[in-house]
Each structure stands twice: as structure tokens, then as C-alpha cells.
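Asker: Dumping the structure here so I can ask a few things about it.
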Amino acid sequence: MSINERKWPLGLDKDDLRLAVTCFFGGLLLAVMTGPEGNLSSPGFAFQHSIFSSHVYGFVIFGLLLGALSVTRRKSKMGVWELPVSLRLVTVKEKIRTLTNTYPAIIFGVVAFIALIAALLVADFTGPLVPNKLSFGQLLHQFVNSRTYGYISIAEAPLVIRLVRTRLKKSTPAQGSIFSSNVATVIYGLVGGFLFALFADPWLPPRFRWSYFTFGGPSNNAFFHHWTTYLWIVMGGLLAGRYIFVKTSDIRRAKTQRFRRPRAEVSASTRFVMYAGCLFVAVEAPKYLNAFWQSTIYQQIGIFVLLAIGLNVVIGFAGLLDLGYVAFYALGAYTNAYFTGALPIHPPFILNTFFVVPIAVIVAMLAGVLLGLPTLRLRGDYLAIVTLGFGEIVYVLISNLTSVTDGAGGTGPAGGFSINLPGIHYAWSAALTGDLSYYYLLLGFMVPILFLFTSLNNSRVGRSWAAIREDEVAATSLGINPLKYKVMAFAIGASTSGVAGVLSSAKLGALFPSDFALQLSIFVVILVIFGGMGSIVGVLVGAAFLNWVTQYLIFHSFIDYQDADKFMYFGALLILAMIFRPQGLVPSKRRVREFEDEEAGLGSADALGTAVEGPLS
Amino acid sequence: MSTELLSVQHVEVRYGPVPAIRDLNFNVNEGEIVTLLGANGAGKTTTLRMVSGLHRPFSGTVTFNEENITTTPAFKLVDLGMSHVPEGRRIFATMTVLENLEMGAYRRKGNYSDEFDHIFKLFPVLGERRKQLGGTLSGGEQQMLAIGRALMAKPKLLLLDEPSLGLAPKIIASIFEIITQIRSEGVTVLLVEQNANQALKIADRGYVLENGHVLYEDAASALLNDDRIKKAYLGTE
Amino acid sequence: MASFFVLGIFTGLIYSMVALGYTLVYGVLRLINFAHSEVLMTGAFAGYFFLHYSMTGTSFSTPFRFLLLIGAIAVSGIVGAVLAVVIERFAYRPLRRRNAPKLTYLISAIGASYFILNFVGKEFGRDPTATPQPITQNFNVTIFGGQISAFDISVLVVTLILFFITNTLVSHSKIGRSIRAVAQDSETASLMGVDVNTTIASTFAIGGFMGGVAGLFIGMSAQVSYNMGFTPALLAFTAAVLGGIGNIKGALIGGVVLGILMYVPIYWIHQPFYEPVIGFGVLVLVLLFRPTGLLGEALGRSA
């Protein structure tokens, strides 16, 4: 092939060796990463105990297998190795296709299996809390209760529906038969709602008896005593009605119009159903969780999801990098502490936390503009390090300015949310566990914010952001002021962070500087990247998932995992994500295209100025 | 027939998913001047960048001096005797003329003062400005420097991308004169030009590209008199 | 006052060594190497281990102390250089091969930084430790009311020597010529026969060596811990911008000026935690009023 190349056996070359060695050392590294904690007085301890222990073999073998697999893939791709026909990917795919064509039930079985596993995981997740390292008995206990069956049924429900529908199609029902009438659809909806309520009702005790389903059963557990039951039944009916409406109007439209909507675009009705479904899951699902997760879902998951949504505007929409994001969060939190009289310095007037929110938005936005203007005027890439510095400075100041912030010892109790109107008095509870009032408040803030950001991204502003990302010079020549839109995105992100800060402080009460350490900014960056920058759905999913995993691992750790280790894994995750999947888990279509274009030299995918010039081989 | 120096077979080059060159075939024999003609976006520059290793072909093979160089990186091709004068000259603006020329001889070991003399004989103006920064030269001088820099590597094959771009007619004429002179010293030249008339006058053979593949190929003199070419590229009837 | 001035100068010298790493990488790749703080930290750990295991006795002769210092510098520098090259190899090169957007480089560098930081934290514990001192503590000179210790003198000498070597290397050697060529136009450089990957790796190695040595000095003047790299690296970046990013002499001057600007005010406010706050203020002011820095950007083109 090229010059100075030695002949290797089996047509292997240097790159293959490098690949295999990398995978081997990757496995070794993974073994060390998951090993015990070390300390400086005996520096070799941690290495010794992870390398000379049995669990290293698993990782090393895993690494070697991965290496062998990638070498085989590479070689067969290059055409150096002729794999036997029966082993080739194309053949295997073809075989699977013929098999599933002959026996469609196989797909059903596979999907059912995946759904089963997922349902078991969810059941475990919502089950009672088990401290470190599950024993088999405990695991069994998690799984063997009625809740598990409920989740399994929910997970398998779509499959059952599909199966029934395909059966119905095969038998081609006559027009006007019971299966195709609108009345039947409504009945399906009502029954479906009932079933959903039956399987998923949170108020049911773990092991159910028929007596619970009667009106006269034990008062706390009676099925029909709960408004959620009726809610779900009504929801089912509404969905069915909506379906009928859309179907008939679609038929009408199809008759009058020659052109139909492009297929790729999700229709408005589907979107409505999706949004409604998501909202109801968000409202209802937390009720099924145990007390630990009910408090975690606010402080550890919900707040971070909100933060990630805000940072997504900066990273995903505007293509900038903000590494001091938590500083604005701290600003919001301490603004709340100030106006509710928790700081040593006293405000001119004490405010209800509801009124602090707009003030916090303004404060964070102002800080964002002041920081963004000088930096973004010049170079996008400086923003990353300037914000990093800002985050550190805010942290240093709140830890050291004892006369203003009470320093590291923590502030007094900051005020929580409450409504004090004539006739209505409600205070959101700051109970540590098992209370969802703050979660619903957060949802109340999050839904309008999500709506706002989605429409913003689809508006003139969103198009300007896209134009700046893809070609700043061209955007400028079209009359778009890049500085204005960059600062705008940065300030919007900052103010969202400020709102999150107020929400967090209201629940936390006393604030400690350590709650606002800089690495939280990095954590939020990871949430955005993992889910998919620019994609709101992706960020929601990614943020919720990663937060869940970190919390889960603390209590269900099968490796030597400490909470402080998470940044080690996240660091590795970031590198791997950037190498293999920069667009994230659930990417935005536009961002994927931009990444591809930039890599082909046809445009850019960020607003950081000139692209990096690298060699081309 | 002289021996084949460069041969491009069934090459496809893509920018992302978009193919810029499809099933491209051409060859350059030793001692020839071959020119690639075509409109903007026909794939001429991409072809040169692919040959010199700046772009990896998606498929196909490139052979240089009987060696398969399809995947050889650009910097190794210099050792094999290929020099590329990129489009827009791309000289190192903050280096002096002398340093720029030294960069051209980067891969060569030992003394290359003879080469300096040779370049300065070819381009006397560079000799006068040897201490000047590359960025302060005029367009024509920069083009001469770029060609001189490429010659410092003592190439067998010189790839020239639009050497007449943005230059005054008088300077263009002298650049083309120098290209013939370079060929007479035994360097094979692959020339990409918009200025088809000039290019065909000094070339032995020409290929006309359109949409990334060869439309016509013929001896330069034949192409010069071809009505289709005249109409499309030469602007004469 | 004078003592703060002196403190500023010598701390600034250490920052300038770190700043060089930022400047070189920025000059060549137009990238802020966020993982540089971890190069510094790892250099400090390497120096700590070297000194910890070689200074097992109680008393040492002056020539032996001198040798220990040289050894520690070599070990820290080499470990720093190796780490910098490894970072380049795994966090940057795969992206460069794909011609990825700049945003991905920054994120991948952040990832590398946090991975190394917490990996070291996990393997060696998270408590700070003092480095054994090879340099005598009993030597002090007073100039204009400012006290200069033997440690300060060694910092001065080492920094100046390393800067001299680096500057000579970049402006007069063949590898330096290739670095400058890649900084200006990497594609054309590769057409000249420059192996761009090797050149970039050697740039990281030079910056990493300096970063590692700086880490050693920071570890000796303060303490060694897994998260020690962050603040000095931030200030060093400020120094690089202040001197003109991409400019080698600018890194040296920027570091010293920043050191003075940071420490002299501390004389009046008596609150050492304001040090990074002032440094950050300087960064924002420089970006506002003189974004190209004191000496301008020299290694590559202006962006």
C-alpha cells in the first residue's frame, strides 16, 4: 500500500494493532475507574486493588472482545478479510428479515422482552429504597409485588393493542361493524382509562385484594374513592373523542385538498396527543414513586432539567459554550435569600418568593448581558473561559463575603413559596421527603418555559440563531446582528438559571456555597450534550435520565461508586460523545445536519468564530 | 509513448454525503503538461486536492509513479515527488521569502543552496526580496513565490491550481512562460485553469470536466480548435 | 507593599509558564486547551512523588538539594509533556480527523479535564498534601524592602531558562518552523511535507513540559491536591490574553504584569481571596479595552 510498510500476518496493519491495544488499555482503565478509592499515603493501593483483583478480568476481556470486534469490522469493511457468507452482517440482517417475515410473532416477542425488562427496571426504581449493593432476595422483593405487574402491563399494553389491530385488519371488518364505529372508539378510550387507573393507581397498596375495588373497601385504599381514577377514565374518553375528530376532519381535508401534509412532519394532532401524554405522565408518574424519589425528583432531577433547558438555549440554539452557568443559579438563589430576609444584609422590604422570581430574572439577565457583551463582541470561544472564571468568582465571593452571604456556614432560612390571598392561604411545604407540592410548582414554571423556548426557536429569533451558527458572515450580510442574538441567548439562559435558583432556594431554605460549586455547571453542560444539544426533547430526556442514574448508583451500586466519582465518568462520557456522537442521544435534526456539513467543510455548527484548521488525514 | 506518472481511476470524492467527483479517470505521462478545464464547480480544485492527499477519495484508486497513493497523507507525497501549489497561493504571510522557500524544502536533508540559486534565476524578483515578509509581496510575486516554494522540494510532478487567478494579463503571460520553462527542466505539470485559452496553448493534452467527471479529453491543439470547447470555455466563435 | 510587589512578580512568573501552554496551543489550533489545568496538577503530583521518595533522610548537602530540584523539574516536566500529548491524542485528534466544529473541541477538552481531575482524585485521595522542599528555607535577600527567598530565585532562573529555550526552539529550529507554518496554514504546511499531527503533538509537549514544571512550583509553594490546577490555570489564561494570546514573549510579560496587578491591591484590602477576583476583572477589562493583549498576537494570524 503506502511507503515503508511492513507486511503483517492476516493482512493486519498498524492501525489494527493500535485499535486492539487501545481497547485493551480501555478495559484496564475501566477496571481501575471502577476500583476502590485510593489515598496519597499509599499511592499504589487503589491500582493494586483494582488491577490485581478478579473484577479486572471482566473489563479486560470486555476490552479485548471490543478490540477484536472493531478490528474484524474494519477489516471486512476494507475488504481485506472475507468473512464467511453466513457471518456477514448483510446476510445476518437478511436472515433476520426472512425469519420475521415468516414468523411476525418473533418481533412481538423481542419487543415484549425489552418492555418486560424496562418494566422491571421501573418497578425497581419506584420500589422501596435498598442501601448499597442489592442482595438477590432484596431484588426479588422489589420485583414480586403488584406494582411490578402493573408496570409490566402498562409496558405491554401498546403491544397488545397492536396485536389486536393487526388481527382486526386481517379479518377486514365490514363497514359499520362494532370495531370501526365511533362509539366503539369511545368505549375503548373509557375502558383504557379505567385499566390504566387500575394498574397504575399510586394509592393501591403493594399487594392488592378485590375488596379494594369496591366502593365500600378500606377508605384509604378504595379504588373508586380517588379522583385520579376518574381523571384517567375521562382522559381516555377525551383522547378517543380527539381521535375521532381528527380522523373525520382528516378525511374531509383529504377530500377537499389535493396536497397532503408531508409524511415526515408530525401532524398537529399527533403532537397534541404526545404533549398531552407527556404532561399527564409528568403529573401522574411521581405519585407512584416512593418517598425518597419523590423528594429527589424535585431537588436532584427537576431543578437540573430546568437548568438544562435553559443552557440548551446557549449551547444548542446559539452554539455558544457557557461554563459558569451555575453562577446565575447562585445569583437567583441568593436574590431570593436577600428578599426574604435570610441574609445578614437586610432588604428594604420583604417579598413573597413569587415576586422574587421576576427580580431574579432581571438580576441574572443583567449579569448575563454585562458578562456577555464584552466577551461576545470579540470571540465566541472566549465566552467559555470567561464564564468559567465568572462561576469561580461568584463561588469565591459567596464563600468569603461572610458579612453579606454568611459565607460557608450557610444562610438563614430563605423564604418559600406561599399564597396569601383573602380566602386562600397555601404555603408550599419544605418537607424533606415525600412531598410533591414543590414538584408541581416546578412543573408550573417549566411548562410555560418549555412552550416559550420552543416557539422562540421556531420564530424569527430561532432562525437568526441558526443562521449565525451556520454562517455568521452571511447572517450579518442579511442584516442580522450576531452580537445581539448571541447576547440574547446568553441572557435567556442566564435568566432561566436564575429562576431555577429561586425555586431551589425556596425548597432548600438555608443556602451553602457548596451547593453552587463550579462543577455543577459542567454537570449541566453534560446533561445538555448527552441528550442532544438543540433538541428540547433530547435535553429533557437526557437530563432526567442522567440525574436518575447518578442518584440510582449511589444506592444500587454494583461498582465502587462514590458520588464524587460521577465527574470522572462524565468526563469520559463527554470525550466519547464528542468523538462518536456529538449530536447527542435524541438529536435535533437541524443540528445533525450542521455537524455533517461542517465536517464536510460546507458550513459551521457553532458560533465560536473561525473553525479549527486541522490536517486532513 | 512515455511512461505514466499519475493515474486516477474511477475516483469518487464526497463532501459529506454530496459527491463532488464521480467516476473520474485521467492520467498524466512523464514530461507532459496536462490541463484540467471546466466551469466553476466542475470539480477541478477538488481533483487536485484529492491527488495531493488533502482529500481522501471515497472510492477508486490513485497511482503515482507506480505506487498506490490513494490513502497516503499529503505530507508523505512530498517525499514521493509531488508538489502542490494551492489555489489562492497560500504563502506563509509572516515568514520571509527565504523562510517560505525553506518551508518548501522541509522534507529534504542536506544542503539546498543550489536550489535557492535556481529559484532566484527563475524568479529574479524573489531574489531581490528574499528578506521581505511574504505577506508584503504583490499578487504576482506571491504566485511566483508559491511556485518557487513548491519547486524547492524538487518534484517530479507539479500540481498548479489556478496560477493566473487575480493577476494582470502581463504577469499571467510570464507565469505561463515559466511553466513551460519548468517543464523543459523535466518536471511534469498538472495544471488547473479557468483561463482555458492560455492553458491549452502551453499544454500537451487537456481534460474538460463537468459535474465531477471527464466530458472530453484530447490533445490540447485539438481542444483549442474544437467548436464545442470554443463555445463553452474559450468565448470565441 | 514591596513584599507584595515581589510576591506578585514571582507568582506571575509561575503563571507565565502555564500561560505558555495556552498560548502555544491557541497559536496552532485556535483553541483554548481546557485540560491544561490538569497538566499542571499532574506535574505537581509527579514532583511530589519524586521528592517524597527521594528525600527520605533528614539532612541534605547543597549540591544534592540542587540535583533533587533539577530531577523534580525534569520529572514534572516530562510527566506534564506526556499527559499533554495524551490529551491531544485522545481528546483532540479524533475530532480533528473528522474536521469537527470548534464547540466539540471545547466540550471534549472539558471532558478530558474533569476525567483526569477526578481520576487522580479517586486514585490518590482527595486531601491536599504538602510537597517536601528541596530548596533551603533559610536564605533570604531583601531588596527595596521586599524579601526574596531561594525558592523565588530558582523560579526566576528556571522560568527564564525555559522561556529562552522555547523561544529559540520556536523561532529558529526546524520544528519551530513547522509549528509556525501549521499555525498559519496547516493545509499548506502539509503540502510542504510537514506532518501536522506530529507538529501539533510537539506543540502540546512543549506547553505541557512548562505546565508540569509550573505545577511543581505551585505544589511547592502551596499544597498538592487533585483540584489545585483550576485557579492557577484560569489566571494563567488571563495572563496569556493579557500578553497577547499566541505570543510567547507575551505569555512571560502577561504573567508578570498580572502577578503584580493581582498582589499589590491585596496590600490594601488584606483579603487574599480577592486574588482570583482581581485576576478575573483584569481578564474582562483586557477583553473590553485591548483584546489583542499588550504585545499583540504573533505566532499565527490574527483571527
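All residue names refer to the C-alpha cells as shown: chains lettered A, B, ... in order, residues numbered from 1 in each chain, ligands numbered from 1 in order.
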Distance cut-off 7 Å, counting only C-alpha atoms - which residues of chain C neighbour chain A? Return them as a VMD selection string.
Answerer: chain C and resid 29 to 30 91 94 to 104 107 to 108 111 to 112 114 to 115 118 to 119 122 to 125 186 to 187 196 234 276 to 277 280 287 to 288
Asker: Could you give me, as a tab-separated table, a per-residue list for chain B showing, wherever an atom lies at most 10 Å from an atom of chain A, the closest pair of atoms and their distance in Å to one decimal, using only C-alpha atoms and sorting by chain then residue number from low to high?
Answerer:
residue	atom	partner	partner_atom	distance
B:Arg14	CA	A:Ala600	CA	8.1
B:Tyr15	CA	A:Ala600	CA	4.8
B:Gly16	CA	A:Ala600	CA	4.6
B:Pro17	CA	A:Ala600	CA	8.3
B:Val18	CA	A:Ala600	CA	8.8
B:Gly53	CA	A:Ser617	CA	7.8
B:Leu54	CA	A:Leu616	CA	5.7
B:His55	CA	A:Leu616	CA	6.6
B:Arg56	CA	A:Ser617	CA	7.6
B:Glu67	CA	A:Ser2	CA	7.4
B:Asn68	CA	A:Met1	CA	5.9
B:Ile69	CA	A:Ser2	CA	6.3
B:Thr70	CA	A:Ser2	CA	8.5
B:Thr71	CA	A:Ser2	CA	7.6
B:Thr72	CA	A:Ser2	CA	6.1
B:Pro73	CA	A:Ser617	CA	5.5
B:Ala74	CA	A:Ser617	CA	7.7
B:Phe75	CA	A:Ser617	CA	9.5
B:Lys76	CA	A:Ile3	CA	8.4
B:Leu77	CA	A:Ile3	CA	9.6
B:Asp79	CA	A:Ile3	CA	9.8
B:Leu80	CA	A:Ile3	CA	9.0
Asker: Print the selection's residues with C-alpha atoms to a file, as a compact mmCIF listing (two decimals), in the first residue's frame.
Answerer:
# COMPACT_ATOMS: atom_id res chain seq x y z
CA ARG B 14 -17.54 13.35 -1.46
CA TYR B 15 -18.14 16.35 0.73
CA GLY B 16 -20.21 14.73 3.41
CA PRO B 17 -22.96 12.95 1.52
CA VAL B 18 -22.56 15.13 -1.59
CA GLY B 53 -3.80 13.84 -0.45
CA LEU B 54 -5.75 16.73 1.06
CA HIS B 55 -8.98 14.90 0.40
CA ARG B 56 -9.35 11.20 0.71
CA GLU B 67 2.77 3.35 -6.20
CA ASN B 68 -0.77 3.29 -4.85
CA ILE B 69 -1.23 6.63 -3.10
CA THR B 70 -4.99 6.55 -2.62
CA THR B 71 -4.78 6.88 1.14
CA THR B 72 -1.31 8.34 1.56
CA PRO B 73 -1.42 11.57 3.57
CA ALA B 74 -0.33 14.78 1.87
CA PHE B 75 2.92 15.24 3.75
CA LYS B 76 4.27 11.87 2.64
CA LEU B 77 3.56 12.58 -1.02
CA ASP B 79 8.77 12.60 -0.35
CA LEU B 80 7.50 10.74 -3.41
Asker: Write down, as a list in words, each residue of chain C that has any atom within 9 Å of an atom of chain B, counting only C-alpha atoms.
Answerer: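 The complete set of qualifying residues is Lys174, Arg177, Ser178, Arg180, Ala181, Gln184, Asp185, Glu187, Thr188, Ala189, Ser190, Leu191, Met192, Gly193, Val194, Asp195, Val196, Ala298, Leu299, Gly300 and Arg301 of chain C.
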Asker: Convert the current residue selection to file output with C-alpha atoms, as a PDB file, in the first residue's frame.
Answerer:
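Here's the written file again24.pdb:
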ATOM      1  CA  LYS C 174      13.143  23.238  12.101  1.00  0.00           C
ATOM      2  CA  ARG C 177       9.393  26.496  11.672  1.00  0.00           C
ATOM      3  CA  SER C 178       6.881  23.713  11.217  1.00  0.00           C
ATOM      4  CA  ARG C 180       4.738  28.413  12.841  1.00  0.00           C
ATOM      5  CA  ALA C 181       3.771  27.060   9.431  1.00  0.00           C
ATOM      6  CA  GLN C 184      -0.532  29.982   9.861  1.00  0.00           C
ATOM      7  CA  ASP C 185      -1.973  27.470   7.456  1.00  0.00           C
ATOM      8  CA  GLU C 187      -3.120  22.629   4.999  1.00  0.00           C
ATOM      9  CA  THR C 188      -0.370  24.360   3.072  1.00  0.00           C
ATOM     10  CA  ALA C 189       2.116  23.211   5.691  1.00  0.00           C
ATOM     11  CA  SER C 190       1.121  19.623   4.996  1.00  0.00           C
ATOM     12  CA  LEU C 191       1.648  20.285   1.274  1.00  0.00           C
ATOM     13  CA  MET C 192       5.192  21.329   2.166  1.00  0.00           C
ATOM     14  CA  GLY C 193       5.690  17.937   3.780  1.00  0.00           C
ATOM     15  CA  VAL C 194       5.046  18.938   7.391  1.00  0.00           C
ATOM     16  CA  ASP C 195       3.445  16.146   9.414  1.00  0.00           C
ATOM     17  CA  VAL C 196       0.762  18.253  11.017  1.00  0.00           C
ATOM     18  CA  ALA C 298       2.256  36.864  16.958  1.00  0.00           C
ATOM     19  CA  LEU C 299       2.513  33.129  16.461  1.00  0.00           C
ATOM     20  CA  GLY C 300      -0.254  32.849  13.918  1.00  0.00           C
ATOM     21  CA  ARG C 301      -2.518  35.155  12.001  1.00  0.00           C
TER      22      ARG C 301
END
Asker: Would you list the contacts of A:Ile492 as a tab-separated table (two decimals) with N, CA and C atoms, in the first residue's frame, taking every protein, DNA or RNA residue within 9 Å and counting only C-alpha atoms, but skipping same-chain residues closer than 6 positions in sequence?
Answerer:
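Saved the output as selection-v9.tsv:
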chain	number	residue	atom	x	y	z
A	310	GLY	N	-32.52	25.64	30.09
A	310	GLY	CA	-32.00	26.99	29.90
A	310	GLY	C	-30.65	26.99	29.20
A	311	LEU	N	-29.78	26.08	29.60
A	311	LEU	CA	-28.45	26.05	28.99
A	311	LEU	C	-28.53	25.61	27.53
A	313	VAL	N	-30.50	26.67	25.43
A	313	VAL	CA	-30.65	27.87	24.59
A	313	VAL	C	-29.26	28.39	24.21
A	314	VAL	N	-28.33	28.34	25.17
A	314	VAL	CA	-26.99	28.87	24.91
A	314	VAL	C	-26.20	27.92	24.02
A	361	VAL	N	-34.98	37.06	37.67
A	361	VAL	CA	-34.82	37.02	36.21
A	361	VAL	C	-34.06	38.24	35.74
A	364	ALA	N	-30.29	38.10	36.95
A	364	ALA	CA	-29.48	37.14	36.20
A	364	ALA	C	-29.29	37.61	34.76
A	365	MET	N	-30.34	38.16	34.19
A	365	MET	CA	-30.26	38.63	32.82
A	365	MET	C	-29.24	39.77	32.70
A	368	GLY	N	-25.88	38.44	32.90
A	368	GLY	CA	-25.57	37.79	31.63
A	368	GLY	C	-25.17	38.79	30.56
Asker: Which one of C:Val28, C:Leu283, C:Ile14, C:Leu7 sits closest to C:Asn197 if you count only C-alpha atoms?
Answerer: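 For C:Asn197, the nearest of the given residues is C:Val28.
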Asker: Can you pull out every residue within 9 Å of B:Leu223, counting only C-alpha atoms, but drop anything in the same chain fewer than 6 positions away, and send it as a tab-separated table (two decimals) with C-alpha atoms, in the first residue's frame?
Answerer:
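See selection33.tsv below for the written result:
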chain	number	residue	atom	x	y	z
B	200	LEU	CA	-4.35	24.97	-23.86
B	205	ARG	CA	-3.25	17.36	-23.50
B	206	GLY	CA	-6.39	18.59	-21.84
B	207	TYR	CA	-9.38	17.17	-19.99
B	216	TYR	CA	-13.95	15.46	-23.33
B	217	GLU	CA	-10.30	14.61	-23.49
B	229	ILE	CA	-14.95	23.92	-26.36
B	230	LYS	CA	-14.68	27.21	-28.12
